[in-house]
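Printed here is entry.txt (compact mmCIF, C-alpha atoms and all ligand atoms):
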```txt
# COMPACT_ATOMS: atom_id res chain seq x y z
CA MET A 1 11.92 23.43 26.63
CA GLU A 2 9.77 20.40 25.90
CA TYR A 3 8.01 19.73 22.63
CA TYR A 4 5.69 17.01 21.60
CA THR A 5 7.30 15.73 18.47
CA VAL A 6 9.16 12.93 16.72
CA SER A 7 12.80 12.44 15.95
CA ASN A 8 14.37 14.23 12.99
CA VAL A 9 11.44 16.57 12.48
CA ALA A 10 11.80 20.29 11.99
CA LEU A 11 10.68 21.31 15.42
CA ASP A 12 9.25 24.70 14.57
CA SER A 13 6.57 23.43 12.26
CA VAL A 14 5.52 20.77 14.72
CA MET A 15 5.40 23.11 17.68
CA ILE A 16 3.37 25.70 15.82
CA SER A 17 0.96 23.16 14.47
CA TRP A 18 0.30 21.57 17.82
CA ARG A 19 -0.59 25.02 19.05
CA GLN A 20 -2.68 25.78 15.99
CA ARG A 21 -4.44 22.52 16.50
CA GLY A 22 -5.28 23.68 20.01
CA ASP A 23 -4.93 20.12 21.20
CA GLY A 24 -4.32 21.07 24.78
CA ASN A 25 -4.99 17.57 26.05
CA ARG A 26 -2.00 16.09 24.31
CA PRO A 27 0.96 15.61 26.63
CA LYS A 28 4.20 17.56 26.30
CA ARG A 29 6.97 15.08 25.64
CA PRO A 30 10.72 15.37 25.25
CA VAL A 31 12.18 15.75 21.78
CA LYS A 32 13.80 12.72 20.10
CA SER A 33 11.55 9.92 21.04
CA CYS A 34 9.04 8.09 18.96
CA TRP A 35 5.46 9.38 18.74
CA THR A 36 3.83 5.99 19.25
CA VAL A 37 5.96 5.26 22.30
CA GLU A 38 5.28 8.71 23.70
CA LEU A 39 1.54 8.40 23.34
CA LYS A 40 1.52 4.88 24.77
CA GLU A 41 3.62 5.94 27.73
CA ALA A 42 1.32 8.89 28.33
CA ASN A 43 -1.65 6.55 28.11
CA VAL A 44 -3.08 8.50 25.18
CA ARG A 45 -4.63 6.41 22.43
CA ARG A 46 -2.87 6.61 19.08
CA ARG A 47 -5.22 7.87 16.40
CA VAL A 48 -4.31 7.28 12.76
CA LEU A 49 -5.85 8.00 9.38
CA VAL A 50 -5.62 5.39 6.62
CA THR A 51 -6.38 6.59 3.09
CA GLY A 52 -7.30 3.85 0.62
CA ALA A 53 -8.75 1.94 3.59
CA ASP A 54 -11.36 0.48 1.25
CA GLY A 55 -8.61 -1.04 -0.89
CA PHE A 56 -6.85 -4.37 -0.81
CA ILE A 57 -3.77 -3.50 1.29
CA GLY A 58 -5.56 -0.69 3.18
CA SER A 59 -8.23 -3.04 4.54
CA HIS A 60 -5.59 -5.45 5.87
CA LEU A 61 -3.69 -2.54 7.36
CA CYS A 62 -6.80 -1.19 9.12
CA GLU A 63 -7.51 -4.60 10.66
CA LEU A 64 -3.95 -4.99 11.88
CA LEU A 65 -3.91 -1.48 13.32
CA VAL A 66 -7.08 -2.17 15.32
CA GLN A 67 -5.55 -5.43 16.55
CA ARG A 68 -2.50 -3.45 17.64
CA ASP A 69 -4.68 -1.08 19.64
CA TYR A 70 -4.70 1.96 17.38
CA ASP A 71 -7.77 4.15 16.91
CA VAL A 72 -8.32 3.92 13.17
CA ARG A 73 -10.04 6.49 11.01
CA ALA A 74 -10.61 4.72 7.71
CA PHE A 75 -10.87 7.05 4.71
CA VAL A 76 -12.87 5.41 1.93
CA TYR A 77 -13.54 6.71 -1.56
CA TYR A 78 -16.98 8.36 -1.59
CA ASN A 79 -19.75 6.66 -3.52
CA SER A 80 -23.46 7.23 -3.38
CA TRP A 81 -24.24 3.59 -2.47
CA GLY A 82 -22.39 3.81 0.84
CA THR A 83 -20.37 0.69 0.02
CA LEU A 84 -17.09 0.27 1.83
CA GLY A 85 -15.05 -1.70 -0.68
CA ASN A 86 -12.77 -4.25 0.94
CA LEU A 87 -13.64 -3.05 4.44
CA GLU A 88 -16.84 -5.03 3.91
CA HIS A 89 -14.71 -8.21 4.02
CA CYS A 90 -13.08 -7.27 7.32
CA ASP A 91 -13.85 -9.03 10.55
CA PRO A 92 -17.02 -7.17 11.68
CA GLU A 93 -15.74 -6.97 15.24
CA LEU A 94 -12.63 -5.15 14.07
CA ARG A 95 -14.59 -2.97 11.66
CA LYS A 96 -16.88 -1.88 14.47
CA SER A 97 -13.96 -0.15 16.16
CA MET A 98 -13.01 1.82 13.05
CA GLU A 99 -14.29 5.29 12.38
CA ILE A 100 -15.18 5.24 8.70
CA VAL A 101 -15.23 8.52 6.78
CA SER A 102 -15.69 8.95 3.07
CA GLY A 103 -14.15 11.51 0.77
CA ASP A 104 -11.82 12.00 -2.13
CA VAL A 105 -8.07 12.54 -1.85
CA ARG A 106 -8.31 14.98 -4.76
CA ASP A 107 -10.35 17.26 -2.53
CA TYR A 108 -8.14 19.14 -0.05
CA HIS A 109 -11.02 19.95 2.27
CA SER A 110 -12.07 16.36 2.73
CA VAL A 111 -8.46 15.27 3.32
CA LYS A 112 -7.76 17.98 5.88
CA GLN A 113 -10.99 17.34 7.71
CA ALA A 114 -10.25 13.61 7.86
CA LEU A 115 -6.71 14.16 9.12
CA THR A 116 -7.70 16.63 11.82
CA GLY A 117 -7.20 15.06 15.24
CA CYS A 118 -5.04 12.20 13.96
CA ASP A 119 -1.47 11.65 15.09
CA ALA A 120 -0.32 9.95 11.89
CA VAL A 121 -1.47 9.13 8.38
CA PHE A 122 -0.91 6.05 6.23
CA HIS A 123 -1.46 7.29 2.69
CA LEU A 124 -2.40 4.41 0.41
CA ALA A 125 -5.20 5.84 -1.74
CA ALA A 126 -4.23 5.70 -5.39
CA LEU A 127 -5.22 4.51 -8.82
CA ILE A 128 -3.05 1.45 -9.23
CA GLY A 129 -3.88 -0.48 -12.40
CA ILE A 130 -1.10 -0.20 -14.96
CA PRO A 131 -3.24 -0.96 -18.05
CA TYR A 132 -5.88 1.60 -17.03
CA SER A 133 -3.11 4.18 -16.65
CA TYR A 134 -2.52 3.86 -20.41
CA GLN A 135 -6.17 4.81 -20.94
CA ALA A 136 -6.75 7.51 -18.34
CA PRO A 137 -3.36 8.97 -17.38
CA ALA A 138 -4.71 12.35 -16.28
CA SER A 139 -6.79 10.69 -13.58
CA TYR A 140 -3.60 9.10 -12.26
CA VAL A 141 -1.90 12.49 -12.09
CA ASP A 142 -4.88 13.97 -10.26
CA THR A 143 -5.25 11.11 -7.79
CA ASN A 144 -1.71 9.91 -7.22
CA ILE A 145 0.14 13.22 -7.39
CA GLY A 146 -2.62 15.72 -6.53
CA GLY A 147 -3.99 13.44 -3.81
CA THR A 148 -0.57 13.02 -2.25
CA LEU A 149 0.01 16.77 -2.35
CA ASN A 150 -3.23 17.24 -0.41
CA VAL A 151 -2.19 14.70 2.23
CA LEU A 152 1.25 16.30 2.60
CA GLN A 153 -0.09 19.83 2.81
CA ALA A 154 -2.76 18.88 5.34
CA ALA A 155 -0.15 17.04 7.42
CA ARG A 156 2.11 20.06 7.23
CA GLU A 157 -0.61 22.44 8.36
CA LEU A 158 -1.89 20.17 11.09
CA GLY A 159 1.53 19.14 12.38
CA THR A 160 0.82 15.44 11.97
CA SER A 161 3.51 13.46 13.79
CA LYS A 162 4.12 10.92 11.04
CA VAL A 163 3.25 10.55 7.36
CA ILE A 164 3.69 7.11 5.85
CA HIS A 165 3.57 7.51 2.10
CA THR A 166 3.13 4.48 -0.16
CA SER A 167 5.40 4.03 -3.15
CA THR A 168 5.72 0.96 -5.38
CA SER A 169 8.46 -1.29 -6.78
CA GLU A 170 7.14 -0.31 -10.23
CA ALA A 171 9.08 2.92 -9.65
CA TYR A 172 12.32 0.98 -10.28
CA GLY A 173 11.25 -0.34 -13.68
CA SER A 174 13.09 -3.41 -15.01
CA ALA A 175 15.95 -4.18 -12.63
CA LEU A 176 19.32 -2.84 -13.72
CA PHE A 177 20.90 -4.82 -10.88
CA VAL A 178 19.56 -7.33 -8.38
CA PRO A 179 18.50 -7.54 -5.72
CA ILE A 180 17.08 -4.03 -6.00
CA THR A 181 18.19 -1.68 -3.25
CA GLU A 182 16.66 1.72 -2.53
CA GLU A 183 19.59 3.26 -4.47
CA HIS A 184 18.42 1.67 -7.71
CA PRO A 185 17.56 4.33 -10.35
CA LEU A 186 13.89 5.20 -10.80
CA GLN A 187 12.59 4.37 -14.29
CA PRO A 188 8.99 5.23 -15.10
CA GLN A 189 7.80 2.59 -17.57
CA SER A 190 4.08 3.38 -17.28
CA PRO A 191 2.00 6.47 -16.47
CA TYR A 192 1.12 4.72 -13.19
CA SER A 193 4.77 4.41 -12.24
CA ALA A 194 5.50 7.99 -13.32
CA THR A 195 2.77 9.35 -11.06
CA LYS A 196 3.93 7.24 -8.12
CA ILE A 197 7.50 8.50 -8.64
CA GLY A 198 6.13 12.06 -8.79
CA ALA A 199 4.24 11.52 -5.55
CA ASP A 200 7.32 10.03 -3.86
CA GLN A 201 9.41 13.03 -4.89
CA LEU A 202 6.77 15.44 -3.59
CA ALA A 203 6.75 13.59 -0.29
CA LEU A 204 10.53 13.83 0.00
CA SER A 205 10.40 17.51 -0.96
CA TYR A 206 7.97 18.18 1.90
CA PHE A 207 10.39 16.54 4.30
CA ARG A 208 13.32 18.56 2.95
CA SER A 209 11.46 21.86 2.58
CA PHE A 210 9.20 21.90 5.61
CA GLY A 211 10.40 19.11 7.87
CA THR A 212 7.16 17.20 7.32
CA PRO A 213 7.91 13.85 8.99
CA VAL A 214 7.52 11.63 5.96
CA SER A 215 8.70 8.04 5.56
CA ILE A 216 8.19 6.23 2.29
CA VAL A 217 7.46 2.53 2.16
CA ARG A 218 8.01 0.93 -1.21
CA PRO A 219 6.13 -2.38 -1.36
CA PHE A 220 6.93 -4.95 -4.02
CA ASN A 221 3.98 -6.84 -5.57
CA THR A 222 1.50 -7.72 -2.86
CA TYR A 223 -1.03 -10.56 -3.02
CA GLY A 224 -3.56 -12.13 -0.71
CA PRO A 225 -7.24 -12.29 0.14
CA ARG A 226 -9.38 -9.45 -1.29
CA GLN A 227 -7.05 -8.48 -4.13
CA SER A 228 -8.72 -7.34 -7.33
CA PRO A 229 -9.09 -10.19 -9.84
CA ARG A 230 -7.35 -7.85 -12.26
CA ALA A 231 -4.00 -8.87 -10.72
CA VAL A 232 -2.26 -12.02 -11.95
CA ILE A 233 -2.56 -14.23 -8.86
CA PRO A 234 -6.32 -13.73 -8.32
CA ALA A 235 -6.87 -13.84 -12.10
CA THR A 236 -5.28 -17.30 -12.18
CA ILE A 237 -7.12 -18.57 -9.09
CA VAL A 238 -10.50 -17.34 -10.26
CA GLN A 239 -10.12 -18.84 -13.74
CA ILE A 240 -9.08 -22.23 -12.35
CA ALA A 241 -11.82 -22.14 -9.71
CA SER A 242 -14.40 -21.45 -12.39
CA GLY A 243 -13.44 -24.69 -14.13
CA MET A 244 -11.26 -23.25 -16.89
CA ARG A 245 -8.24 -25.39 -17.77
CA SER A 246 -6.93 -23.05 -20.43
CA ILE A 247 -5.96 -19.93 -18.53
CA LYS A 248 -5.77 -16.54 -20.19
CA LEU A 249 -2.79 -14.49 -19.08
CA GLY A 250 -0.26 -11.92 -20.29
CA SER A 251 3.55 -12.31 -20.27
CA LEU A 252 4.86 -15.24 -18.26
CA HIS A 253 8.62 -14.60 -18.30
CA PRO A 254 8.80 -11.45 -16.09
CA THR A 255 9.81 -12.10 -12.51
CA ARG A 256 8.31 -10.61 -9.36
CA ASP A 257 8.96 -10.49 -5.63
CA PHE A 258 5.54 -11.31 -4.18
CA ASN A 259 4.54 -10.29 -0.65
CA TYR A 260 1.67 -11.56 1.41
CA ALA A 261 -0.69 -8.68 2.31
CA VAL A 262 -0.29 -9.04 6.06
CA ASP A 263 3.49 -8.89 5.71
CA THR A 264 3.12 -5.66 3.73
CA ALA A 265 0.75 -4.23 6.36
CA ARG A 266 3.24 -5.18 9.10
CA GLY A 267 5.89 -3.24 7.17
CA PHE A 268 3.73 -0.11 7.14
CA ILE A 269 3.22 -0.23 10.89
CA ALA A 270 6.89 -0.96 11.53
CA ALA A 271 7.77 2.14 9.48
CA ALA A 272 5.30 4.26 11.44
CA GLU A 273 6.66 3.11 14.76
CA ALA A 274 10.37 3.18 13.93
CA GLU A 275 12.67 5.94 15.02
CA ASN A 276 15.14 7.52 12.61
CA VAL A 277 13.31 6.68 9.40
CA VAL A 278 11.96 10.12 8.62
CA GLY A 279 13.08 11.13 5.12
CA GLU A 280 13.88 7.49 4.26
CA VAL A 281 12.60 5.27 1.46
CA ILE A 282 12.32 1.62 2.51
CA ASN A 283 11.66 -1.44 0.36
CA ILE A 284 9.09 -3.89 1.65
CA GLY A 285 9.89 -7.06 -0.24
CA SER A 286 10.26 -10.75 0.48
CA ASN A 287 13.62 -11.15 -1.33
CA PHE A 288 12.22 -14.23 -3.13
CA GLU A 289 12.09 -13.96 -6.91
CA ILE A 290 9.79 -16.06 -9.09
CA SER A 291 8.53 -15.78 -12.66
CA ILE A 292 4.85 -15.28 -13.43
CA GLY A 293 4.88 -18.62 -15.30
CA ASP A 294 6.25 -20.51 -12.27
CA THR A 295 3.75 -18.74 -10.03
CA VAL A 296 0.90 -19.98 -12.21
CA LYS A 297 2.34 -23.54 -12.11
CA LEU A 298 2.52 -23.36 -8.31
CA ILE A 299 -1.09 -22.20 -8.05
CA ALA A 300 -2.22 -25.01 -10.37
CA GLU A 301 -0.24 -27.52 -8.29
CA ILE A 302 -1.81 -26.31 -5.03
CA MET A 303 -5.27 -26.43 -6.66
CA SER A 304 -4.43 -29.95 -7.98
CA VAL A 305 -5.17 -29.25 -11.64
CA ASN A 306 -3.30 -29.31 -14.93
CA VAL A 307 -3.64 -26.11 -16.89
CA GLN A 308 -2.55 -24.74 -20.22
CA ILE A 309 -1.76 -21.09 -20.65
CA GLU A 310 -3.22 -19.09 -23.46
CA THR A 311 -1.60 -15.73 -24.19
CA ASP A 312 -4.18 -12.99 -24.16
CA GLN A 313 -2.83 -10.13 -26.30
CA LEU A 314 -4.98 -7.66 -24.37
CA ARG A 315 -2.93 -8.41 -21.25
CA ILE A 316 0.48 -7.86 -22.86
CA ARG A 317 2.05 -4.53 -21.99
CA PRO A 318 3.90 -2.54 -24.68
CA GLU A 319 7.43 -3.95 -24.76
CA ALA A 320 9.26 -1.01 -23.19
CA SER A 321 6.56 -0.66 -20.57
CA GLU A 322 6.81 -4.23 -19.27
CA VAL A 323 8.84 -4.44 -16.08
CA GLU A 324 10.92 -7.53 -16.75
CA ARG A 325 12.44 -8.19 -13.37
CA LEU A 326 11.72 -7.20 -9.75
CA TRP A 327 13.59 -8.72 -6.86
CA ALA A 328 13.84 -6.81 -3.60
CA ASP A 329 16.78 -6.24 -1.37
CA ASN A 330 15.04 -5.95 1.99
CA SER A 331 18.10 -5.42 4.18
CA LYS A 332 17.19 -1.78 4.92
CA ALA A 333 13.76 -2.81 6.26
CA ARG A 334 15.35 -5.56 8.34
CA LYS A 335 17.91 -3.14 9.75
CA LEU A 336 15.85 0.02 10.31
CA LEU A 337 12.42 -1.48 10.98
CA GLY A 338 13.29 -4.85 12.44
CA TRP A 339 10.84 -6.13 9.81
CA GLU A 340 11.10 -9.44 8.01
CA PRO A 341 8.55 -11.36 5.99
CA GLU A 342 6.60 -14.07 7.79
CA TYR A 343 5.72 -15.49 4.38
CA GLY A 344 9.23 -15.35 2.93
CA GLY A 345 10.98 -17.81 0.60
CA LYS A 346 9.29 -20.51 -1.47
CA ASP A 347 7.66 -22.09 1.59
CA GLY A 348 6.20 -18.79 2.72
CA PHE A 349 4.96 -18.03 -0.79
CA GLU A 350 3.21 -21.39 -0.92
CA ARG A 351 1.59 -20.79 2.46
CA GLY A 352 0.40 -17.35 1.36
CA LEU A 353 -0.96 -18.78 -1.90
CA ARG A 354 -2.85 -21.51 -0.03
CA SER A 355 -4.65 -19.01 2.20
CA THR A 356 -5.32 -16.71 -0.78
CA ILE A 357 -6.84 -19.61 -2.74
CA GLU A 358 -8.92 -20.62 0.28
CA TRP A 359 -10.25 -17.07 0.63
CA PHE A 360 -11.20 -16.77 -3.06
CA MET A 361 -12.94 -20.15 -2.99
CA LYS A 362 -15.04 -19.09 0.00
CA ASN A 363 -15.69 -15.45 -0.73
CA THR A 364 -16.11 -14.84 -4.40
CA GLU A 365 -18.86 -15.72 -6.71
CA ILE A 366 -16.89 -17.68 -9.27
CA LYS A 367 -18.47 -17.60 -12.69
CA SER A 368 -16.62 -18.83 -15.73
CA GLU A 369 -18.01 -16.20 -18.11
CA LYS A 370 -16.81 -13.47 -15.75
CA ALA A 371 -13.49 -15.14 -14.90
CA ALA A 372 -12.48 -15.27 -18.55
CA VAL A 373 -13.06 -11.59 -19.17
CA TYR A 374 -10.09 -9.30 -18.80
CA HIS A 375 -10.98 -6.36 -16.61
CA VAL A 376 -8.50 -3.52 -17.16
N1 LIG A 401 -1.07 -4.16 -4.73
C1 LIG A 401 0.23 -4.10 -4.94
O1 LIG A 401 0.85 -5.08 -5.38
C2 LIG A 401 0.99 -2.83 -4.62
C3 LIG A 401 2.40 -2.88 -4.72
C4 LIG A 401 3.11 -1.72 -4.44
C5 LIG A 401 2.47 -0.59 -4.03
N2 LIG A 401 1.12 -0.57 -3.95
C6 LIG A 401 0.49 0.68 -3.50
O2 LIG A 401 -0.28 0.38 -2.35
C7 LIG A 401 -1.40 1.24 -2.29
C8 LIG A 401 -2.67 0.42 -2.13
O3 LIG A 401 -2.79 -0.45 -3.24
P1 LIG A 401 -3.89 -1.61 -3.31
O4 LIG A 401 -3.26 -2.76 -3.98
O5 LIG A 401 -4.51 -1.79 -2.00
O6 LIG A 401 -4.90 -0.97 -4.35
P2 LIG A 401 -6.47 -0.78 -4.29
O7 LIG A 401 -6.90 -0.29 -5.63
O8 LIG A 401 -7.11 -1.99 -3.77
O9 LIG A 401 -6.62 0.38 -3.21
C9 LIG A 401 -6.50 1.74 -3.52
C10 LIG A 401 -7.69 2.46 -2.91
O10 LIG A 401 -7.58 3.85 -3.18
C11 LIG A 401 -8.91 4.35 -3.28
N3 LIG A 401 -8.95 5.56 -4.09
C12 LIG A 401 -8.72 5.69 -5.41
N4 LIG A 401 -8.94 6.97 -5.80
C13 LIG A 401 -9.31 7.65 -4.69
C14 LIG A 401 -9.68 8.99 -4.45
N5 LIG A 401 -9.70 9.90 -5.44
N6 LIG A 401 -10.00 9.34 -3.18
C15 LIG A 401 -10.00 8.43 -2.18
N7 LIG A 401 -9.67 7.14 -2.35
C16 LIG A 401 -9.32 6.76 -3.60
C17 LIG A 401 -9.71 3.25 -3.96
O11 LIG A 401 -11.06 3.32 -3.56
C18 LIG A 401 -9.02 1.99 -3.49
O12 LIG A 401 -9.76 1.33 -2.52
C19 LIG A 401 -1.37 2.09 -3.54
O13 LIG A 401 -0.78 3.33 -3.21
C20 LIG A 401 -0.47 1.32 -4.47
O14 LIG A 401 0.18 2.16 -5.40
C21 LIG A 401 0.36 -1.67 -4.24
```
If you convert what's in this file into C-alpha cells, what do you get?
Amino acid sequence: MEYYTVSNVALDSVMISWRQRGDGNRPKRPVKSCWTVELKEANVRRRVLVTGADGFIGSHLCELLVQRDYDVRAFVYYNSWGTLGNLEHCDPELRKSMEIVSGDVRDYHSVKQALTGCDAVFHLAALIGIPYSYQAPASYVDTNIGGTLNVLQAARELGTSKVIHTSTSEAYGSALFVPITEEHPLQPQSPYSATKIGADQLALSYFRSFGTPVSIVRPFNTYGPRQSPRAVIPATIVQIASGMRSIKLGSLHPTRDFNYAVDTARGFIAAAEAENVVGEVINIGSNFEISIGDTVKLIAEIMSVNVQIETDQLRIRPEASEVERLWADNSKARKLLGWEPEYGGKDGFERGLRSTIEWFMKNTEIKSEKAAVYHV
C-alpha cells in the first residue's frame, strides 16, 4: 500500500490525517522518502507555515524559503495597527509572494486555521528576552510552552508532514564541557530557558507518543540585520553609530558562539528537508567562540572608533542566571543536514558584523538619547 508520508513517522496518524484533511489532490507517494523531494517530484508546490515570521530570524527564514521556491504562509503576531514587524524590512518582491496571516500562538484556533493546508511548519514564535522573562515569567509559559503545544496538537490533528521546532543554546546553560554537543545536560538558568526546555520536551513527547514528525533545531546566538537593539551586537552598533564613545553594556567576560541570521535560516531549511532527522535535536552553531568583550572590540575596530565600556548594572544578570560559556559542536548538523556556516570562524564573523553594521547604519533611526536607554 502507498502512503504519502515522511521517513520515521508513525504511519497511522499520517494516513488518517491526510484523509481527514480531505486533500485529495495530494499525490500518493511511497513510504520512506522525504516530503520535500516527494512534492517536488510530483510537481506540487511545497506550502509551509512560519510562526514568528514577523521576528528577526523568522523574517530571514521567510525570505530564504521564497527564494528556494516554497509557498510561504507567514504567521505574524496580531496587532490592531496591521504592522508586520520585521517582514516590513523584507525585499518587497519576496514579501509579495508570501501569504501573511495574523494570530496568536496561544490561541489554538488561530494556529490550527493557519496550519491547515500546509505541508510543514517552522515554529519560531516565542518570547525571547531573558531579562523580560524575570519580570513576566507567566507570559513565557503561555507563549513558549502553551504556544508550542498548540502547534504540536494542530500538526498532529492535521497530519503535517514536518514540524521544525526552535530551541535555543540557552537550554544548555553555562557549558559543563566544550564544545557543547546535543548530549550536554539541559540547565535552565532563566525562566526563558526553562520554558524553551519545556517546549522542547513537549515536542519530543509528541514524536514519541504520537509519531508527530518533529525535528528540533537548537540555534546558538544569532545576529544580523533586523535584530532587536536589545541584543548585545545591535546595542553596541547603535550606541557607536549614535556618536557615543562610552558604551553601556552588561557582562563582558561570557563567551558566545555567534551565528549570522542567514546561516541560521539555512539550518532550519536543511533540517526540514533532511531525511532521518525526525525525533532529533540538532545544534546550529558556528563552532567559533568569542567573548562579549572581544566582540565589542571587533565592532569598534570595524567602525573605526575607540570606545570605553561602562558597566550598566541594569544589564547584569543575577550571577547564577548568567550563562558563562556557549560554544557549539556542530558536527551533528554537518553530518545529518550537510549544513555548515557560510559565516564561520573569525573571518566569517567579521564579514557578518560588517553587513550587520551596514544594515543598521542604513535602516535605523539612530538617536543617542534612545541608543543609551536599556530596553528590557
Ligand atoms: N535570536 C537568537 O539569538 C536566538 C537564539 C536561539 C534561539 N532563538 C529562537 O529563535 C526563535 C526566533 O527568535 P528571534 O530572535 O527571531 O526573536 P524575535 O523576538 O525577533 O521573534 C519572535 C517572534 O515571535 C512573535 N510572537 C511572540 N509572541 C507571540 C504570540 N503569542 N503569537 C504569535 N507570535 C508571537 C513575535 O511577534 C516575534 O516577532 C525563538 O523561538 C527563539 O527562542 C533565537
Atom CA of A:Thr212 to atom CA of A:Arg73, straight-line distance in Å: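 So the answer is 20.6 Å.
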Selection as a ChimeraX atom specification: residues within 8 Å of ligand LIG 401 (chain A) by all atoms listed in the file: /A:51-59,75-78,85-86,102-107,123-129,142-144,147,166-170,196,218-223,227-228,258-259
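A straight line drawn from atom CA of A:Trp339 to atom CA of A:Glu273 is 11.3 Å long.
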Size and centre in Å, one decimal, axis-aligned box, all listed stretch 189-207 of chain A atoms plus 5 Å per side, as lines of an AutoDock Vina configuration file:
```
center_x = 5.8
center_y = 10.4
center_z = -6.6
size_x = 19.4
size_y = 25.6
size_z = 31.9
```
Suppose you want the space between atom CA of A:Trp35 and atom CA of A:Ile145; what is it in Å? 26.9 Å
For A:Gly338: contacts at 8 Å, only C-alpha atoms, fewer than 4 positions along chain excluded, given as a ChimeraX atom specification: /A:270,333-334
Please produce an output containing C-alpha atoms for each residue in the selection, written as a CSV table (one decimal), in the coordinates of the input.
```
chain,number,residue,atom,x,y,z
A,270,ALA,CA,6.9,-1.0,11.5
A,333,ALA,CA,13.8,-2.8,6.3
A,334,ARG,CA,15.4,-5.6,8.3
```
Which residues of stretch 170-196 of chain A sit at most 12 Å from stretch 289-310 of chain A, using all atoms listed in the file? Give each one's shortest atom pair and distance in Å (one decimal place), in chain and ascending residue order, as a tab-separated table.
```
residue	atom	partner	partner_atom	distance
A:Ala175	CA	A:Glu289	CA	12.0
A:Val178	CA	A:Glu289	CA	10.1
A:Pro179	CA	A:Glu289	CA	9.1
A:Ile180	CA	A:Glu289	CA	11.2
```
For a quick check of understanding, using all atoms listed in the file, which of A:Ser242, A:Leu176, A:Ala171, A:Ile269 has the smallest distance to A:Thr36? A:Ile269
